[in-house]
file coords32.txt (compact mmCIF, C-alpha atoms)
# COMPACT_ATOMS: atom_id res chain seq x y z
CA MET A 238 8.14 -27.77 -1.67
CA GLY A 239 10.69 -25.31 -3.00
CA PHE A 240 10.19 -21.55 -3.23
CA ARG A 241 9.07 -21.73 -6.85
CA GLU A 242 6.33 -24.22 -6.05
CA ASP A 243 5.21 -22.09 -3.11
CA LEU A 244 5.01 -18.97 -5.27
CA LEU A 245 3.14 -20.79 -8.05
CA ALA A 246 0.71 -22.18 -5.47
CA ILE A 247 0.01 -18.67 -4.17
CA CYS A 248 -0.60 -17.41 -7.74
CA GLY A 249 -2.91 -20.35 -8.40
CA ARG A 250 -5.15 -19.46 -5.46
CA VAL A 251 -5.57 -15.76 -6.26
CA ASP A 252 -7.84 -14.62 -9.11
CA GLY A 253 -6.00 -12.24 -11.41
CA ALA A 254 -2.50 -13.11 -10.14
CA LEU A 255 0.23 -12.19 -12.63
CA ALA A 256 3.43 -13.03 -10.80
CA ALA A 257 4.91 -13.65 -7.37
CA THR A 258 8.44 -13.11 -6.21
CA LEU A 259 10.59 -13.75 -3.18
CA MET A 260 13.09 -10.93 -3.21
CA GLY A 261 15.71 -9.16 -1.16
CA PHE A 262 15.31 -5.48 -0.29
CA ASP A 263 18.38 -5.01 -2.46
CA GLY A 264 16.29 -5.95 -5.51
CA ILE A 265 17.85 -9.38 -6.06
CA ALA A 266 15.21 -12.12 -6.36
CA ILE A 267 15.63 -15.56 -4.83
CA GLU A 268 12.81 -16.89 -6.97
CA THR A 269 10.11 -15.50 -9.24
CA ALA A 270 7.05 -17.20 -10.69
CA GLU A 271 5.36 -15.38 -13.56
CA VAL A 272 2.05 -16.88 -14.54
CA LYS A 273 0.68 -14.18 -16.83
CA GLY A 274 2.15 -11.02 -18.32
CA ALA A 275 0.60 -7.57 -17.88
CA GLU A 276 0.32 -5.54 -21.03
CA GLY A 277 3.22 -3.15 -21.45
CA VAL A 278 4.78 -4.04 -18.10
CA GLU A 279 8.20 -5.62 -17.73
CA MET A 280 7.53 -7.64 -14.62
CA GLN A 281 11.15 -8.24 -13.61
CA THR A 282 12.01 -4.55 -13.84
CA LEU A 283 8.89 -3.65 -11.94
CA MET A 284 9.66 -5.98 -9.06
CA ILE A 285 13.20 -4.72 -8.71
CA GLU A 286 12.02 -1.11 -8.61
CA TYR A 287 9.37 -2.13 -6.16
CA SER A 288 12.02 -3.40 -3.76
CA GLY A 289 13.37 0.15 -3.61
CA ILE A 290 9.96 1.55 -2.74
CA LEU A 291 9.43 -1.06 -0.04
CA SER A 292 12.80 -0.37 1.42
CA GLN A 293 11.93 3.33 1.72
CA VAL A 294 8.54 2.55 3.24
CA ARG A 295 10.14 0.29 5.80
CA GLN A 296 12.74 2.84 6.79
CA ALA A 297 10.17 5.60 7.06
CA ALA A 298 7.81 3.46 9.14
CA GLU A 299 10.59 2.52 11.54
CA SER A 300 11.90 6.04 11.89
CA LEU A 301 8.39 7.05 12.97
CA GLN A 302 6.34 5.56 15.73
CA MET A 303 4.34 3.41 13.32
CA GLY A 304 6.04 0.13 14.12
CA LYS A 305 7.21 -2.34 11.52
CA ALA A 306 5.49 -2.35 8.14
CA SER A 307 3.70 -5.67 7.74
CA GLU A 308 2.05 -5.09 4.37
CA VAL A 309 2.21 -2.58 1.57
CA SER A 310 -0.09 -2.47 -1.42
CA ILE A 311 0.14 -0.16 -4.40
CA ARG A 312 -2.56 0.14 -7.03
CA THR A 313 -1.66 1.71 -10.35
CA GLU A 314 -3.48 1.99 -13.66
CA LYS A 315 -2.04 -1.32 -14.86
CA LEU A 316 -1.74 -3.55 -11.82
CA VAL A 317 -1.92 -4.01 -8.07
CA ALA A 318 1.14 -5.11 -6.12
CA VAL A 319 0.81 -6.50 -2.59
CA ALA A 320 4.00 -7.02 -0.63
CA ARG A 321 4.81 -8.46 2.76
CA PRO A 322 8.20 -8.17 4.47
CA LEU A 323 9.38 -11.57 5.75
CA ASN A 324 12.47 -10.56 7.69
CA PRO A 325 14.92 -7.63 7.65
CA ASP A 326 16.35 -8.82 4.32
CA TYR A 327 13.52 -10.32 2.26
CA PHE A 328 9.93 -9.77 1.20
CA VAL A 329 7.34 -11.64 -0.85
CA LEU A 330 5.35 -9.74 -3.48
CA LEU A 331 2.31 -10.67 -5.52
CA ALA A 332 1.37 -8.68 -8.63
CA LEU A 333 -2.27 -8.83 -9.75
CA ALA A 334 -4.43 -7.49 -12.56
CA THR A 335 -6.37 -4.39 -11.48
CA ASP A 336 -9.56 -6.47 -11.28
CA GLY A 337 -7.81 -9.24 -9.33
CA ASN A 338 -8.79 -10.35 -5.84
CA VAL A 339 -6.69 -8.12 -3.57
CA GLY A 340 -8.30 -9.39 -0.37
CA ARG A 341 -7.38 -12.97 -1.23
CA ALA A 342 -3.87 -11.86 -2.18
CA ARG A 343 -3.40 -10.28 1.26
CA TYR A 344 -4.74 -13.41 2.93
CA GLU A 345 -2.52 -15.81 0.97
CA LEU A 346 0.60 -13.75 1.69
CA ARG A 347 -0.26 -13.55 5.37
CA VAL A 348 -0.63 -17.34 5.54
CA ALA A 349 2.43 -18.08 3.39
CA GLY A 350 4.66 -15.51 5.10
CA PRO A 351 5.77 -17.53 8.14
CA LYS A 352 6.30 -20.65 6.02
CA LEU A 353 8.48 -18.80 3.52
CA ALA A 354 10.34 -16.97 6.29
CA ALA A 355 11.13 -20.25 8.03
CA GLN A 356 12.93 -21.48 4.90
CA LEU A 357 15.10 -18.39 4.49
CA MET B 73 -19.74 21.04 2.85
CA GLY B 74 -16.20 22.11 3.56
CA PHE B 75 -13.17 19.85 3.54
CA ARG B 76 -13.33 19.26 7.27
CA GLU B 77 -16.92 18.08 7.12
CA ASP B 78 -16.06 15.80 4.19
CA LEU B 79 -13.15 14.26 6.09
CA LEU B 80 -15.21 13.80 9.25
CA ALA B 81 -17.98 12.17 7.20
CA ILE B 82 -15.48 9.70 5.72
CA CYS B 83 -14.15 8.85 9.20
CA GLY B 84 -17.71 8.39 10.44
CA ARG B 85 -18.47 5.76 7.81
CA VAL B 86 -15.36 3.61 8.36
CA ASP B 87 -15.04 1.33 11.38
CA GLY B 88 -11.77 1.93 13.17
CA ALA B 89 -11.01 5.26 11.48
CA LEU B 90 -8.54 7.39 13.46
CA ALA B 91 -7.98 10.41 11.25
CA ALA B 92 -8.30 11.70 7.70
CA THR B 93 -6.29 14.37 5.99
CA LEU B 94 -6.24 16.27 2.74
CA MET B 95 -2.61 17.03 2.16
CA GLY B 96 -0.09 18.21 -0.41
CA PHE B 97 2.74 15.94 -1.50
CA ASP B 98 4.97 18.53 0.15
CA GLY B 99 3.58 17.47 3.54
CA ILE B 100 1.47 20.57 4.15
CA ALA B 101 -2.12 19.72 5.05
CA ILE B 102 -5.12 21.67 3.79
CA GLU B 103 -7.32 20.08 6.43
CA THR B 104 -7.09 17.25 8.95
CA ALA B 105 -9.83 15.60 10.98
CA GLU B 106 -8.66 13.49 13.90
CA VAL B 107 -11.42 11.46 15.49
CA LYS B 108 -9.40 9.13 17.71
CA GLY B 109 -5.76 8.92 18.67
CA ALA B 110 -3.62 5.85 18.16
CA GLU B 111 -1.52 4.82 21.13
CA GLY B 112 2.01 6.14 20.90
CA VAL B 113 1.51 7.67 17.46
CA GLU B 114 1.77 11.36 16.73
CA MET B 115 -0.78 11.55 13.95
CA GLN B 116 0.33 14.88 12.47
CA THR B 117 3.95 13.79 12.25
CA LEU B 118 2.93 10.49 10.77
CA MET B 119 0.87 12.09 8.02
CA ILE B 120 3.64 14.47 7.04
CA GLU B 121 6.15 11.64 6.80
CA TYR B 122 3.60 9.67 4.86
CA SER B 123 3.46 12.38 2.21
CA GLY B 124 7.15 11.76 1.57
CA ILE B 125 6.58 8.03 1.10
CA LEU B 126 3.66 8.65 -1.25
CA SER B 127 5.69 11.09 -3.25
CA GLN B 128 8.39 8.46 -3.73
CA VAL B 129 5.86 5.79 -4.66
CA ARG B 130 4.31 8.08 -7.24
CA GLN B 131 7.63 8.96 -8.82
CA ALA B 132 8.72 5.33 -8.93
CA ALA B 133 5.43 4.20 -10.45
CA GLU B 134 5.60 6.85 -13.13
CA SER B 135 9.23 6.21 -13.98
CA LEU B 136 8.24 2.60 -14.61
CA GLN B 137 5.53 1.39 -16.92
CA MET B 138 3.06 0.92 -14.08
CA GLY B 139 0.94 3.94 -14.84
CA LYS B 140 -0.23 6.41 -12.23
CA ALA B 141 -0.57 5.23 -8.65
CA SER B 142 -4.24 5.38 -7.69
CA GLU B 143 -4.05 3.94 -4.18
CA VAL B 144 -1.39 3.07 -1.66
CA SER B 145 -1.98 1.29 1.63
CA ILE B 146 0.58 0.61 4.31
CA ARG B 147 -0.10 -1.65 7.28
CA THR B 148 2.19 -1.37 10.29
CA GLU B 149 2.04 -2.79 13.79
CA LYS B 150 0.10 0.21 15.04
CA LEU B 151 -2.15 1.30 12.20
CA VAL B 152 -3.19 1.05 8.58
CA ALA B 153 -2.95 4.07 6.30
CA VAL B 154 -4.84 4.18 2.99
CA ALA B 155 -4.02 7.03 0.63
CA ARG B 156 -5.38 8.15 -2.71
CA PRO B 157 -3.73 10.78 -4.93
CA LEU B 158 -6.28 13.38 -6.07
CA ASN B 159 -4.19 15.36 -8.52
CA PRO B 160 -0.47 16.01 -9.08
CA ASP B 161 -0.30 18.13 -5.92
CA TYR B 162 -2.67 16.63 -3.35
CA PHE B 163 -3.79 13.36 -1.81
CA VAL B 164 -6.34 12.21 0.74
CA LEU B 165 -5.29 9.80 3.47
CA LEU B 166 -7.27 7.81 6.01
CA ALA B 167 -5.54 6.27 9.05
CA LEU B 168 -7.26 3.32 10.70
CA ALA B 169 -6.74 1.02 13.66
CA THR B 170 -5.16 -2.29 12.61
CA ASP B 171 -8.52 -4.03 13.07
CA GLY B 172 -10.36 -1.31 11.12
CA ASN B 173 -12.32 -1.91 7.94
CA VAL B 174 -9.71 -1.39 5.20
CA GLY B 175 -12.04 -2.43 2.39
CA ARG B 176 -14.55 0.22 3.42
CA ALA B 177 -11.76 2.78 3.74
CA ARG B 178 -10.68 2.11 0.16
CA TYR B 179 -14.27 2.36 -1.02
CA GLU B 180 -14.98 5.64 0.78
CA LEU B 181 -11.80 7.25 -0.55
CA ARG B 182 -12.59 6.10 -4.08
CA VAL B 183 -16.05 7.65 -3.86
CA ALA B 184 -14.90 10.83 -2.14
CA GLY B 185 -11.86 11.33 -4.38
CA PRO B 186 -13.52 13.03 -7.36
CA LYS B 187 -15.64 15.22 -5.07
CA LEU B 188 -12.62 16.41 -3.10
CA ALA B 189 -10.54 16.86 -6.25
CA ALA B 190 -13.26 19.03 -7.80
CA GLN B 191 -12.97 21.48 -4.88
CA LEU B 192 -9.20 21.83 -5.06
call {"tool": "encode", "arguments": {"input": "coords32.txt", "output": "structure tokens"}}
result
Amino acid sequence: MGFREDLLAICGRVDGALAATLMGFDGIAIETAEVKGAEGVEMQTLMIEYSGILSQVRQAAESLQMGKASEVSIRTEKLVAVARPLNPDYFVLLALATDGNVGRARYELRVAGPKLAAQL
Amino acid sequence: MGFREDLLAICGRVDGALAATLMGFDGIAIETAEVKGAEGVEMQTLMIEYSGILSQVRQAAESLQMGKASEVSIRTEKLVAVARPLNPDYFVLLALATDGNVGRARYELRVAGPKLAAQL
């Protein structure tokens, strides 16, 4: 399967999934699958900005004694974003509705992570 | 109850809890309760650095159309930190062991949030 199929498959298994993306920490996406829009949210813009946040989190975690960041989730009024770094350059992110299944999202990204990373 | 008792009570109800803090986004803590150390992690330093990350997340979320950030969790190799903004100046953060109960941590912070915020 290609990246797009992988991302769509992840979305299909998580209740409330809105979109998934495989993206560089520089904000440039390799592939994005958007299955449902969130009201008043420009998903592409959001994911690019999110890459900046993740990049900061990663740097901060490494400059401390926390070890590498393996998962970051941010809940806002409009959505929940769960992200997982795959290697020093790329991460996978799943955006969900606020009532979506965050636990399942974390699980699916954990399972898919090594598979996606192996293809990069 | 005072803040310290509240924080200790939260730690007591969450498996794997290491420490809880009530802190300003400027990195200055009102109160911190440390119940267990994490190997090789200076908890105070970690929490102060974490305030910087949270501050950035909050600004990024607000500059987008995501709405206010209501919860941020970061999992690293050594621990999981779950944070919840209480008002524009303060947040509460719970640090857990990597095998701690993150779902319970999120629940306890959600319940405790309004109570802590009311005392600020």
call {"tool": "residues_around", "arguments": {"input": "coords32.txt", "residues": "Leu94 (chain B)", "least_positions_apart": "2", "cutoff": "7 Å", "atoms": "all atoms listed in the file", "output": "list in words"}}
result
Ala101, Ile102, Glu103, Thr104, Phe163, Val164 and Leu165 of chain B
call {"tool": "closest_atom_pairs", "arguments": {"input": "coords32.txt", "of": "chain B", "to": "chain A", "cutoff": "6 Å", "atoms": "only C-alpha atoms", "output": "JSON lines"}}
result
{"residue": "B:Val113", "atom": "CA", "partner": "A:Gln302", "partner_atom": "CA", "distance": 5.5}
{"residue": "B:Gln137", "atom": "CA", "partner": "A:Val278", "partner_atom": "CA", "distance": 5.6}
{"residue": "B:Met138", "atom": "CA", "partner": "A:Lys315", "partner_atom": "CA", "distance": 5.6}
{"residue": "B:Gly139", "atom": "CA", "partner": "A:Glu314", "partner_atom": "CA", "distance": 5.0}
{"residue": "B:Lys140", "atom": "CA", "partner": "A:Thr313", "partner_atom": "CA", "distance": 5.3}
{"residue": "B:Ala141", "atom": "CA", "partner": "A:Thr313", "partner_atom": "CA", "distance": 4.1}
{"residue": "B:Ser142", "atom": "CA", "partner": "A:Thr313", "partner_atom": "CA", "distance": 5.2}
{"residue": "B:Glu143", "atom": "CA", "partner": "A:Arg312", "partner_atom": "CA", "distance": 5.0}
{"residue": "B:Val144", "atom": "CA", "partner": "A:Ile311", "partner_atom": "CA", "distance": 4.5}
{"residue": "B:Ser145", "atom": "CA", "partner": "A:Ser310", "partner_atom": "CA", "distance": 5.2}
{"residue": "B:Ile146", "atom": "CA", "partner": "A:Val309", "partner_atom": "CA", "distance": 4.5}
{"residue": "B:Arg147", "atom": "CA", "partner": "A:Glu308", "partner_atom": "CA", "distance": 5.0}
{"residue": "B:Thr148", "atom": "CA", "partner": "A:Ala306", "partner_atom": "CA", "distance": 4.1}
{"residue": "B:Glu149", "atom": "CA", "partner": "A:Gly304", "partner_atom": "CA", "distance": 5.0}
{"residue": "B:Lys150", "atom": "CA", "partner": "A:Met303", "partner_atom": "CA", "distance": 5.6}
call {"tool": "atom_distance", "arguments": {"input": "coords32.txt", "atom1": "CA of Ala270 (chain A)", "atom2": "CA of Asn324 (chain A)"}}
result
20.3 Å
call {"tool": "residues_around", "arguments": {"input": "coords32.txt", "residues": "Phe262 (chain A)", "least_positions_apart": "4", "cutoff": "6 Å", "atoms": "all atoms listed in the file", "output": "list of chain:residue names"}}
result
A:Ser288, A:Ser292, A:Asp326, A:Tyr327
call {"tool": "closest_residue", "arguments": {"input": "coords32.txt", "among": "B:Ala89, B:Ile82, B:Ala184, B:Arg76", "to": "Asp171 (chain B)", "atoms": "only C-alpha atoms"}}
result
B:Ala89
call {"tool": "residues_around", "arguments": {"input": "coords32.txt", "residues": "Ala342 (chain A)", "least_positions_apart": "3", "cutoff": "9 Å", "atoms": "all atoms listed in the file", "output": "ChimeraX atom specification"}}
result
/A:247-248,250-252,254,319,331-333,337-339,345-347
call {"tool": "write_last_selection", "arguments": {"input": "coords32.txt", "atoms": "C-alpha atoms", "output": "PDB file, in the coordinates of the input"}}
result
ATOM      1  CA  ILE A 247       0.010 -18.670  -4.170  1.00  0.00           C
ATOM      2  CA  CYS A 248      -0.600 -17.410  -7.740  1.00  0.00           C
ATOM      3  CA  ARG A 250      -5.150 -19.460  -5.460  1.00  0.00           C
ATOM      4  CA  VAL A 251      -5.570 -15.760  -6.260  1.00  0.00           C
ATOM      5  CA  ASP A 252      -7.840 -14.620  -9.110  1.00  0.00           C
ATOM      6  CA  ALA A 254      -2.500 -13.110 -10.140  1.00  0.00           C
ATOM      7  CA  VAL A 319       0.810  -6.500  -2.590  1.00  0.00           C
ATOM      8  CA  LEU A 331       2.310 -10.670  -5.520  1.00  0.00           C
ATOM      9  CA  ALA A 332       1.370  -8.680  -8.630  1.00  0.00           C
ATOM     10  CA  LEU A 333      -2.270  -8.830  -9.750  1.00  0.00           C
ATOM     11  CA  GLY A 337      -7.810  -9.240  -9.330  1.00  0.00           C
ATOM     12  CA  ASN A 338      -8.790 -10.350  -5.840  1.00  0.00           C
ATOM     13  CA  VAL A 339      -6.690  -8.120  -3.570  1.00  0.00           C
ATOM     14  CA  GLU A 345      -2.520 -15.810   0.970  1.00  0.00           C
ATOM     15  CA  LEU A 346       0.600 -13.750   1.690  1.00  0.00           C
ATOM     16  CA  ARG A 347      -0.260 -13.550   5.370  1.00  0.00           C
TER      17      ARG A 347
END
call {"tool": "closest_residue", "arguments": {"input": "coords32.txt", "among": "A:Phe240, A:Gly261, A:Gly249, A:Leu255", "to": "Thr335 (chain A)", "atoms": "only C-alpha atoms"}}
result
A:Leu255
call {"tool": "atom_distance", "arguments": {"input": "coords32.txt", "atom1": "CA of Ala355 (chain A)", "atom2": "CA of Gly274 (chain A)"}}
result
29.3 Å
call {"tool": "atom_distance", "arguments": {"input": "coords32.txt", "atom1": "CA of Ala354 (chain A)", "atom2": "CA of Lys273 (chain A)"}}
result
25.2 Å
